[in-house]
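I have placed the structure first, in the form of structure tokens, so that the comments after it can refer back to it.
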Amino acid sequence: MPTEVPDLNINFPTEEERVLALWKQLDAFATSLKQSKGRPKYSFYDGPPFATGLPHYGHILAGTIKDIVTRYAHGRGFHVERRFGWDTHGLPVEYEIDKKLGIKGPEDVAKMGIAAYNKECRSIVTRYASEWEAVVGRMGRWIDFKNDYKSMYPWYMESIWWVFKQIYDKGLIYQGFRVMPYSTGCATPLSNFEVAQNYKDVVDPAVTVSFPLDEDPSVSLVAWTTTPWTLPSNLALCVHPELVYVKVKDNSSDATYILMEARLKELFKKEQDYTVLQKMQGKELQGKGYKPLFPYFEHMKKTGAFRVLCDGYVTEDSGTGVVHQAPYFGEDDNRVCLANGVVQTDGEIICPLDGAGRFVEPVTDFLGQYVKDADKNIVKHIKAEGRLVHAGTVKHSYPFCWRSETPLLYRAIPCWFMRVAQMQERLLEKNGDTYWVPDSVREGRFANWLENARDWNLSRNRYWGTPIPIWVSEDGEETICVGSIEELHKLSGVKLTDLHREYVDEVTIPSARPGKPPLRRIPEVFDCWFESGSMPYAQAHYPFENKKEFEDSFPADFIAEGIDQTRGWFYTLLVISTALFNKPPFRNLIVNGLVLAKDGTKMSKRLKNYPDPKEVIDKYGADAVRLFLINSPVVKAENLKFREDGVQAILKDVFLPWYNAFRFLLQNIEQYEREEGVEFTWSESSYGGSTNIMDRWIISFTQTLLEFVANEMAAYRLYTVIPRLVKFIDNLTNWYVRMNRRRLKGEGGAQDCKSALDSLFSVLMTMVRVMAPFTPFLTEMMYQQLRKKVPSFSGKDFESVHYLLLPTPRKDLIHVDIERAVARMQSVVDLGRVLRDRKTMPIKYPLPEVVVIHKDQQCLDDLKSLERYILEELNVRSLTLSGDKASYGVTLRAEPDHKTLGLRLKGAFKAVMAEIKALPDETLTKFVEGEELVVQGHRLETSDVRIMYSFAGDKSAELSQKYEADSSEDILVLLDTTPDQSMLEEGVAREVVNRVQKFRKSAGLKVVDEVTMHYTVSPAGHSLTEIITKHLEYIQSSSKTPLRSKTANLAGIDKTEMFDVKGAKLELNITRGFPSDYSNGDSSSCGTPLMPWVNVELVGTAPAKYVKSSRGGLLLATELTVGQLQSQIQDLFGLYNVKLDLFLKPDKSVKVETTKFLSSNTVYAFKPNSSGSSSGAGAGFNCKFVNVVKGDSETSVLLENPVGCPVYNIQDALKSLKISKLYKEDKKKTPVSVSQLASLAGQTLYM
């Protein structure tokens, strides 16, 4: 099957749509689950979102984390069920219906009936279900929507009844009348952890009110409050028993007040404003009566109300130190008043509000007013009564209802509670059995919450929810808790199929006492957090079904949600599972942070301060969004400022380089197949078989990546994987592919090409498999192309990359020494590039020398083994390795970073700065090597100082002119930045090559297109003309394009383009065809080598497709046998295992019987029984070469072979011949670089 090369310009979102179509065609998710049946189970719980809103970036983030982890678990050999869940009950749904129908309170629901109300609720619970399924699917998340769970399903609700009954039977449920946070917008109490979700900074009234003493009405206690609406319900005042209070005279009004001494500033601005009349401890005020502020509850004065109480909760950091007590609107108020007999648990309840927070009888002055609206009228009333001492405002943090966004009130109401406080130690213990990422949330925020765990209010005075299954007799003597539909059937005779209030409320249970009325269900429903916290059991309809399956997979292996669930779902899961089974509900948890708008504010639909998720996905693709979210602090429970350009950067920095490497592989596979006439295939057995050091390095680096990913994913650290992937892609594209481009293109022969292609294929196939959980679309697209080249991947089990198990690291392919050596080579090259940039020396311009200094000989040996690559990458003539920086006069000095240190040290900075500048070379060298540096007691980091290099000694001026220095960790690089004229000219020649190649690209030319370029340089006489003439051979061989000076009568110009090159204008013109004097490598007479040689011509048959010519030559360093000669000629023309007959005449009249007299002749090679005519031999040796003389020894080095096939590894050839530096003259004045050799063909050079 011919290899398809994908388009250069890829549209990632379009490709993702094609992948979605493929998955649909394969029913890929369901198929993968069928394939994994029977494997060990990996259990996962999906936290249920409310279906009343559209998915946002927070949902997308959590969904991506869940998808990555569960896909990865599948790839590790587990069976992973993934079911989507919906939270369908509770305030989010009811609030939408209340808004829609204009419902203000319980009386409105009573008018329409619970059945009608719940029908409305039911109608909207799946309003956005299709949008959710579309967005979740488009993000590439595999999860089962068909087999979902909804908290409104009767079987789900039945399991909740079972959970509750287990807890009830353990004695952990009770009814209590307590002060609870109450939502007037939703007319229901909330739990404490719900309150913690939505605090806001608000401005409230702050009033100081007088309370005249009964014993002396001219003296008043003064109390301060920010909730004037609670003043009509005031029943007592509270002071601290041990703190000091004062009786003071207000010098401006002559009024006498009592308040805490430490809080005088609350009432008076200056000491001159008051006179202290008496000091006392708070306990001396205890029991004193005062005049009520309002008359509504004056009758309670007889039973102990309206007097001063003492308690330690009063503080000296706010107010007046005198706290007004409304026992049914404050927890502490209620506790203190109960303890002092002001109110009784079975006494009159002073809570004159309806369900919507409006005043009712007997508060006649403000009847029907919502409490927050009544504040200003209450203040006005107090002022009119002469009781207002001071009125102002205060900005403070106040809790709001998370659903209705109305301010919460604290009020006393009867509720059903679960005893959580007594479980505190067990909760902390079970929390310790879990693993969190990051662990700081488990140990910090969550543990702190557990340490202060309070009893949980499970009941809600609402309608659309799971009814609490408690039936009670009218007199309260009988109570029954029901745990299943069947149990209710046995008790009542009624078999229900729906457990919502409109059905359950009608069911009564006969009394066990003859003649007594039947038991009726209490009116409350469960807090929807109890329902979601019960999902591990309810989603499986446990224990009524799936009992063994559930018990075998509990606790869950993994869950993930946002940090806002620390006091929500994570908490309720732990409380319920600990109460039921004394186990944690999960083993591993990833907590993600919040996704904010790019300016750091909360994302707001109203403000439109963030891009629409669907638009971003359609523009950049889901994979890019996934990677952007995962490669951020948000996976460590920190906040992320969402930036669209961050998603775009993923395309540019990760996907495009990755895709280009993938495309480059397929391009060269296609070329290999076309030229060799064979189909490229790959198998696991060919993995890591190459002996090439760069092949071994990239294979080793790939295996190290696998090892890293396995370790990090085992620890659920998703955020570390993507940076390592980015580094890997950089190594693959900017190092491996670029440095092996010619090998991959087949310029080193078919065998070497296949080896390089195998290596790159192995790497990309491994990458595609290991990254499939992270980028499911891109990896699938690549896999579908790559699997065509893998015969073993042809069955149905291999139709998707997501069916495959993840590759495991192969220790035998990891070469730590090679990875270390290449990393050091990369450091040297990177430093060299930095130094070039510093001196504005483009890489095109060769430089004389790079010096690497390191005290470890192993490091120097590593670099020596990769010398060729350093020279090529930095375009330098020579590499010098040394362990002694002193021999180069290099010394270190330090400069402080003013911004960093200045801010940190402030006044001490000046002295520290002076000492830093004076630090000796020895100290700085140790600091660079990792030793601690302390200056005047301050420990310095590497970011605090800038290390500078200078030269010392007699030759310091000369050395500083010659070398530029820099270091990375402990490697010091000196770059000789003083090129001679020949180097500068060679750089200009490279600029010309660059322009020719750019022109070929812009003209849309392919490598095989035969064209000639004609040049004109202006102004006339510019040195560029001479440079082109001098380096013509190099320019032509590098660009594979003949270059000729443009003549006046040039015809047939196809295209023209003008370029700037070093102050000159270079005009290039394209004409079709090669000039007659250009051989494209098919013939070349270059004189003769200094060592024995023989020309070779292949007659009557064609060489391999990648070989450009039928003519070549051999250098006869040693005497060959005829068989050895035949073998070398086969290798030369790529005709492996093809029998060749050798002749000394093209007419086959003289057969080669011996090799003794071959030198300086031509051998003609024929296939047996073939015929043909010779192209005719030119004078001298066929191929380009240079002669090299060293003293009395002479040798020759081939520059091409066969004709027109450049020898690209000349550096290795020179190295094998122990040739280091070459010069044009025997006096060694003019050095010659490797890149110049092509222009010096046929000449003799000197060592």
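All residue names refer to the structure tokens as shown: chains lettered A, B, ... in order, residues numbered from 1 in each chain, ligands numbered from 1 in order.
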(Q) Can you tell me which residues surround A:Asn994 at a distance of at most 10 Å, considering only C-alpha atoms, apart from same-chain residues fewer than 5 positions away, and format the answer as an NGL selection string? (A) :A and (844 or 988-989 or 999-1000 or 1035 or 1038-1039)
Closest pair table for stretch 937-991 of chain A residues within 9 Å of stretch 1227-1245 of chain A, only C-alpha atoms, as CSV:
```
residue,atom,partner,partner_atom,distance
A:Ser982,CA,A:Thr1230,CA,8.2
A:Met983,CA,A:Ser1233,CA,8.4
A:Glu986,CA,A:Gln1236,CA,7.6
```
I'd like the neighbourhood of A:Glu284 as a list in words, where a residue qualifies if any of its atoms comes within 10 Å (using only C-alpha atoms), though same-chain residues fewer than 6 positions away should be ignored. Val239, Pro241, Glu242, Val244, Tyr245, Val308 and Cys310 of chain A
Closest of A:Gly347, A:Met948, A:Arg39, A:Ser159 to A:Thr303, counting only C-alpha atoms, is A:Gly347
Counting only C-alpha atoms, closest pick from A:Leu409, A:Ala823, A:Leu666, A:Leu732 relative to A:Leu8 is A:Leu666
* Asked: DSSP says alpha helix (DSSP H) for which residues of stretch 367-587 of chain A? Put them as a PyMOL selection string?
  -> chain A and resi 371-384+424-432+439-441+447-451+485-492+501-504+528-533+535-538+547-552+569-581
Report task. Return the single residue from A:Val595, A:Ile590, A:Phe306, A:Pro217 that is closest to A:Asn639, with distances computed using only C-alpha atoms. Result ->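 Of the candidates, the smallest distance to A:Asn639 is held by A:Val595.
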Min atom-atom distance to A:Ser1173 from the set A:Ser1109, A:Ile814, A:Thr1101, A:Asn740, counting only C-alpha atoms, belongs to A:Thr1101
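Between atom CA of A:Ala51 and atom CA of A:Val616 lies a distance of 22.2 Å.
Using only C-alpha atoms, the residues found no farther than 10 Å from stretch 903-915 of chain A, other than those of its own chain fewer than 4 positions away, are Ala894, Glu895, Pro896, Asp897, His898, Lys899, Leu919, Pro920, Val934, Val935, Gln936, Gly937, His938, Asp944 and Val945 of chain A.
Distance annotation: of A:Tyr174, A:Thr320, A:Pro523, A:Gly282, the residue with the minimal separation from A:Lys265 is A:Thr320; atom set is only C-alpha atoms.
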- request: Name the closest residue to A:Lys754 among the candidates A:Tyr719, A:Glu487, A:Val504, A:Asn692; distances are taken between atoms, counting only C-alpha atoms.
  value: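 Residue with the minimum atom-to-atom distance to A:Lys754: A:Asn692.
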- Please provide as an NGL selection string all residues within 8 Å of A:Val768, with the sequence filter that same-chain residues fewer than 4 positions apart are discarded (counting only C-alpha atoms). :A and (764 or 772 or 779-780 or 782-783 or 801)
Restricting it to N, CA, C and O atoms, dump the selection as an mmCIF file, in the first residue's frame.
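Writing the result to out.cif gives the following:
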```
data_model
loop_
_atom_site.group_PDB
_atom_site.id
_atom_site.type_symbol
_atom_site.label_atom_id
_atom_site.label_comp_id
_atom_site.auth_asym_id
_atom_site.auth_seq_id
_atom_site.Cartn_x
_atom_site.Cartn_y
_atom_site.Cartn_z
ATOM 1 N N LEU A 764 7.924 7.706 17.244
ATOM 2 C CA LEU A 764 6.607 8.320 17.039
ATOM 3 C C LEU A 764 5.482 7.359 17.412
ATOM 4 O O LEU A 764 4.475 7.778 17.985
ATOM 5 N N ALA A 772 -1.752 9.039 24.112
ATOM 6 C CA ALA A 772 -3.164 8.889 23.730
ATOM 7 C C ALA A 772 -4.134 9.331 24.825
ATOM 8 O O ALA A 772 -5.141 9.984 24.529
ATOM 9 N N THR A 779 -3.351 11.853 18.538
ATOM 10 C CA THR A 779 -2.715 10.538 18.557
ATOM 11 C C THR A 779 -3.487 9.538 17.710
ATOM 12 O O THR A 779 -2.880 8.704 17.032
ATOM 13 N N GLU A 780 -4.806 9.642 17.732
ATOM 14 C CA GLU A 780 -5.616 8.736 16.891
ATOM 15 C C GLU A 780 -5.355 9.009 15.423
ATOM 16 O O GLU A 780 -5.192 8.083 14.614
ATOM 17 N N MET A 782 -2.679 10.273 13.990
ATOM 18 C CA MET A 782 -1.349 9.780 13.623
ATOM 19 C C MET A 782 -1.319 8.250 13.592
ATOM 20 O O MET A 782 -0.736 7.637 12.695
ATOM 21 N N TYR A 783 -1.958 7.646 14.585
ATOM 22 C CA TYR A 783 -1.956 6.184 14.674
ATOM 23 C C TYR A 783 -2.580 5.539 13.446
ATOM 24 O O TYR A 783 -2.067 4.537 12.928
ATOM 25 N N VAL A 801 -6.100 3.544 18.479
ATOM 26 C CA VAL A 801 -4.957 3.604 19.394
ATOM 27 C C VAL A 801 -5.416 3.427 20.835
ATOM 28 O O VAL A 801 -4.657 2.965 21.694
#
```
| request: Mind checking which residues fall within 12 Å of A:Thr808, counting only C-alpha atoms, ignoring those fewer than 6 positions away in the same chain, and posting them as JSON, numbers by chain? | output: {"A": [75, 76, 77, 702, 703, 704, 705, 706, 707, 708, 709, 710, 711, 766, 767, 769, 770]}
